[in-house]
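Read the structure below first, then the notes.
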Amino acid sequence: MSVRKLMMVALRLTLVVYAALIVGRLAGLPIAWWVVLAPLGVLLALSLGQGGLGRRSRAARANPPPAVEVAVPVAGRWSVLNSPADKVPSHGTHGYGQTYAIDIVAEPAPGARPHFSRLWPVARRNEDFPAFGEPLLAVADATVVHATDRRRDHLSRNSLPAVAYLLLLESAAREMGGAGFIVGNHLVLDLGGGTYAMYAHLQRGSLQVRAGDRVREGQVLARCGNSGNSSEPHLHFQLMDHPDLDVAHGIPFRWRDIGVPANGEVFRTDEPAAREAT
């Protein structure tokens, strides 16, 4: 196990201990405040250690490698929520290899996707979103490294109360659980040459491939869902240099014939001769 991996595990365990101590103190257990606050020192030390380990990655980000061109992982009309064309890191963090990640939602026609609500409805069913259940396609001939689809698809988080819950409570709890709780159902493809593609927030039970399978470009891999740290059914796609999200660094991508669409941009791809897994 690498030092970077050990530090990520230690960071999560410290967060769990810190949360447990706070809950215990609030519940009336005889826990001194200095004991409750002690994990903060550990978290600071781990953060500083990660900063030291991150010098190489920061230098690499200052001179990013050339973008890897791959096929588009969806078909039809889609729009972009978070894109590295607008800012890097696109999701506000380099963690979990997300530096150049992109989020996209299906929008077969203008207004087809439910709008964000201030108060009501607080949450919506996944079936209300056109992205839910849409097929996700292999971006290249590749080998499946990891694939899981056991986590449930939760209701949307596209209202002010739901977003507050997501940011203040749910995201923190998922962070303590690790990468799998954040990306939800997901799969990782080995594209060769030290490049891996990750598809996140897959629909529960939708995988059509498993680890070790060889897949062809355009093959249906799974379906779009709303599992993990997700506000609504969408695809989170990224390239990275390692299959383990705890140690991966992001790699720039470019979709063939499209490039990297910006936030709010709508793009359309022709229906490919998508092939089901055999």
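In the structure tokens, each chain is lettered A, B, ... as it comes, each chain's residues begin at 1, and ligands are numbered from 1 in order of appearance.
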
(request) May I have the residues within 8 Å of Pro135 in chain A as a count of residues only, using only C-alpha atoms and disregarding those fewer than 5 positions away in the same chain? (result) 7

(request) Give me the residues within 10 Å of Ala248 in chain A as a ChimeraX atom specification, counting only C-alpha atoms and dropping any in the same chain fewer than 6 places off. (result) /A:4-5,94-99,196,239-242

The selected residues should be written to file as a PDB file, in the first residue's frame (atoms: N, CA and C atoms).
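To be explicit, this is the file written out as out-v7.pdb:
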ATOM      1  N   ARG A   4       0.574   7.472  -0.014  1.00  0.00           N
ATOM      2  CA  ARG A   4      -0.600   8.304  -0.314  1.00  0.00           C
ATOM      3  C   ARG A   4      -1.896   7.593   0.063  1.00  0.00           C
ATOM      4  N   LYS A   5      -1.972   6.311  -0.223  1.00  0.00           N
ATOM      5  CA  LYS A   5      -3.156   5.530   0.120  1.00  0.00           C
ATOM      6  C   LYS A   5      -3.312   5.433   1.638  1.00  0.00           C
ATOM      7  N   HIS A  94      -8.730  18.405  -6.515  1.00  0.00           N
ATOM      8  CA  HIS A  94      -7.930  17.468  -7.302  1.00  0.00           C
ATOM      9  C   HIS A  94      -8.094  16.044  -6.771  1.00  0.00           C
ATOM     10  N   GLY A  95      -8.778  15.910  -5.617  1.00  0.00           N
ATOM     11  CA  GLY A  95      -8.937  14.600  -5.001  1.00  0.00           C
ATOM     12  C   GLY A  95      -9.698  13.624  -5.866  1.00  0.00           C
ATOM     13  N   TYR A  96      -9.374  12.345  -5.694  1.00  0.00           N
ATOM     14  CA  TYR A  96     -10.028  11.248  -6.409  1.00  0.00           C
ATOM     15  C   TYR A  96      -9.877  11.374  -7.928  1.00  0.00           C
ATOM     16  N   GLY A  97      -8.806  12.021  -8.371  1.00  0.00           N
ATOM     17  CA  GLY A  97      -8.542  12.123  -9.802  1.00  0.00           C
ATOM     18  C   GLY A  97      -9.508  12.992 -10.565  1.00  0.00           C
ATOM     19  N   GLN A  98     -10.171  13.954  -9.868  1.00  0.00           N
ATOM     20  CA  GLN A  98     -11.242  14.735 -10.480  1.00  0.00           C
ATOM     21  C   GLN A  98     -10.786  16.020 -11.178  1.00  0.00           C
ATOM     22  N   THR A  99      -9.505  16.239 -11.303  1.00  0.00           N
ATOM     23  CA  THR A  99      -9.006  17.512 -11.825  1.00  0.00           C
ATOM     24  C   THR A  99      -9.695  17.929 -13.125  1.00  0.00           C
ATOM     25  N   TYR A 196      -6.798   5.639 -17.503  1.00  0.00           N
ATOM     26  CA  TYR A 196      -8.000   4.942 -17.050  1.00  0.00           C
ATOM     27  C   TYR A 196      -9.188   5.892 -17.138  1.00  0.00           C
ATOM     28  N   LEU A 239     -10.804  11.009 -16.862  1.00  0.00           N
ATOM     29  CA  LEU A 239      -9.633  10.190 -17.138  1.00  0.00           C
ATOM     30  C   LEU A 239      -8.639  10.402 -16.004  1.00  0.00           C
ATOM     31  N   MET A 240      -7.856   9.362 -15.703  1.00  0.00           N
ATOM     32  CA  MET A 240      -6.905   9.438 -14.594  1.00  0.00           C
ATOM     33  C   MET A 240      -5.756   8.482 -14.847  1.00  0.00           C
ATOM     34  N   ASP A 241      -4.715   8.583 -14.005  1.00  0.00           N
ATOM     35  CA  ASP A 241      -3.499   7.802 -14.245  1.00  0.00           C
ATOM     36  C   ASP A 241      -3.385   6.553 -13.389  1.00  0.00           C
ATOM     37  N   HIS A 242      -4.430   6.230 -12.630  1.00  0.00           N
ATOM     38  CA  HIS A 242      -4.392   5.054 -11.752  1.00  0.00           C
ATOM     39  C   HIS A 242      -5.821   4.582 -11.522  1.00  0.00           C
TER      40      HIS A 242
END

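Among the candidates A:Leu26, A:Leu189, A:Ala262, A:Ala123, the one nearest to Arg216 in chain A when counting only C-alpha atoms is A:Leu189.
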
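Closest to Gly177 in chain A among A:Asn229, A:Ser79, A:His201, A:Pro65 is A:Asn229, based on only C-alpha atoms.
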
(message) Can you tell me which residues surround Val188 in chain A at a distance of at most 12 Å, considering only C-alpha atoms, apart from same-chain residues fewer than 5 positions away, and format the answer as JSON, numbers by chain?
(response) {"A": [138, 139, 142, 143, 144, 145, 146, 147, 148, 183, 195, 196, 197, 198, 199, 200, 202, 207, 209, 210, 211, 212, 213, 215, 221, 222, 236, 237, 238, 239, 240, 241, 242, 243, 244, 245, 248]}

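With CA of Leu81 in chain A on one side and CA of Gly194 in chain A on the other, the separation reads 27.4 Å.
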
(request) Measure the distance from CA of Ser206 in chain A to CA of Leu169 in chain A in Å and round it to one decimal. (result) 27.8 Å

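A straight line drawn from CA of Arg256 in chain A to CA of Val105 in chain A is 18.5 Å long.
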
(message) Among range 118-253 of chain A, which ones does DSSP assign to strand (DSSP E) (computed from the backbone)? Answer as a VMD selection string.
(response) chain A and resid 135 to 137 142 to 148 186 to 192 195 to 200 214 to 215 220 to 223 235 to 240 250 to 251 253

The selected residues should be written to file as an mmCIF file, in the first residue's frame (atoms: C-alpha atoms).
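Listing of part07.cif after writing:
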data_model
loop_
_atom_site.group_PDB
_atom_site.id
_atom_site.type_symbol
_atom_site.label_atom_id
_atom_site.label_comp_id
_atom_site.auth_asym_id
_atom_site.auth_seq_id
_atom_site.Cartn_x
_atom_site.Cartn_y
_atom_site.Cartn_z
ATOM 1 C CA PRO A 135 -27.062 3.928 -21.790
ATOM 2 C CA LEU A 136 -23.405 4.721 -21.142
ATOM 3 C CA LEU A 137 -20.923 3.714 -23.819
ATOM 4 C CA ALA A 142 -10.525 -1.278 -23.161
ATOM 5 C CA THR A 143 -10.439 -3.697 -20.244
ATOM 6 C CA VAL A 144 -12.783 -3.351 -17.266
ATOM 7 C CA VAL A 145 -10.716 -2.941 -14.108
ATOM 8 C CA HIS A 146 -13.488 -2.329 -11.585
ATOM 9 C CA ALA A 147 -17.284 -2.361 -11.762
ATOM 10 C CA THR A 148 -19.914 -2.123 -9.021
ATOM 11 C CA HIS A 186 -19.068 3.176 -10.889
ATOM 12 C CA LEU A 187 -16.756 1.448 -13.314
ATOM 13 C CA VAL A 188 -13.155 1.951 -14.341
ATOM 14 C CA LEU A 189 -11.747 1.088 -17.765
ATOM 15 C CA ASP A 190 -8.078 0.531 -18.580
ATOM 16 C CA LEU A 191 -7.538 2.320 -21.896
ATOM 17 C CA GLY A 192 -3.863 1.367 -22.052
ATOM 18 C CA THR A 195 -4.784 5.968 -18.798
ATOM 19 C CA TYR A 196 -8.000 4.942 -17.050
ATOM 20 C CA ALA A 197 -11.582 6.139 -17.591
ATOM 21 C CA MET A 198 -14.042 6.350 -14.706
ATOM 22 C CA TYR A 199 -17.846 6.536 -15.001
ATOM 23 C CA ALA A 200 -19.638 7.502 -11.765
ATOM 24 C CA ARG A 214 -12.719 -6.700 -22.745
ATOM 25 C CA VAL A 215 -15.040 -4.068 -24.220
ATOM 26 C CA VAL A 220 -23.115 -0.359 -23.715
ATOM 27 C CA LEU A 221 -21.500 -0.657 -20.284
ATOM 28 C CA ALA A 222 -24.220 0.421 -17.852
ATOM 29 C CA ARG A 223 -26.942 3.038 -17.442
ATOM 30 C CA LEU A 235 -22.824 11.042 -15.700
ATOM 31 C CA HIS A 236 -19.573 12.037 -14.026
ATOM 32 C CA PHE A 237 -16.746 11.135 -16.412
ATOM 33 C CA GLN A 238 -13.001 11.497 -15.987
ATOM 34 C CA LEU A 239 -9.633 10.190 -17.138
ATOM 35 C CA MET A 240 -6.905 9.438 -14.594
ATOM 36 C CA GLY A 250 -6.505 13.511 -13.321
ATOM 37 C CA ILE A 251 -5.637 13.428 -17.036
ATOM 38 C CA PHE A 253 -9.536 14.423 -22.089
#

(request) Select from range 42-167 of chain A everything DSSP, run on the backbone, classes as alpha helix (DSSP H), then give the selection as a ChimeraX atom specification. (result) /A:42-53,55-62,160-165

For the contact check between range 104-216 of chain A and range 16-25 of chain A, emit one row per residue of range 104-216 of chain A within 10 Å, containing the shortest atom pair and the distance in Å rounded to one decimal, counting only C-alpha atoms, chain then rising number order, as a Markdown table.
| residue | atom | partner | partner_atom | distance |
| --- | --- | --- | --- | --- |
| A:Ala173 | CA | A:Val16 | CA | 8.8 |
| A:Glu175 | CA | A:Val16 | CA | 9.7 |
| A:Met176 | CA | A:Val16 | CA | 6.2 |
| A:Gly177 | CA | A:Val16 | CA | 8.6 |

Taking N, CA and C atoms for each residue, export the selection above as a short mmCIF file (atom, residue, chain, number, x, y, z; two decimals), in the first residue's frame.
data_model
loop_
_atom_site.label_atom_id
_atom_site.label_comp_id
_atom_site.auth_asym_id
_atom_site.auth_seq_id
_atom_site.Cartn_x
_atom_site.Cartn_y
_atom_site.Cartn_z
N ALA A 173 -20.58 12.86 5.43
CA ALA A 173 -20.69 11.45 5.80
C ALA A 173 -20.10 10.55 4.71
N GLU A 175 -17.75 11.38 2.61
CA GLU A 175 -16.30 11.56 2.63
C GLU A 175 -15.65 10.63 3.65
N MET A 176 -16.30 10.46 4.79
CA MET A 176 -15.76 9.55 5.80
C MET A 176 -15.81 8.10 5.32
N GLY A 177 -16.78 7.79 4.47
CA GLY A 177 -16.90 6.43 3.98
C GLY A 177 -15.91 6.08 2.88
#

(request) Determine, counting only C-alpha atoms, which protein, DNA and RNA residues have an atom within 10 Å of an atom of Asn263 in chain A; residues of the same chain fewer than 6 positions away are not included. Present the result as a PyMOL selection string. (result) chain A and resi 79-87+90+102-104

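Considering the residues A:Gly28, A:Pro66, A:Pro161, A:Pro89 and counting only C-alpha atoms, Leu119 in chain A has its shortest atom-to-atom contact with A:Pro161.
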
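Taking only C-alpha atoms into account, Val122 in chain A lies nearest to A:Val163 out of the set A:Val88, A:Ala101, A:Ala67, A:Val163.
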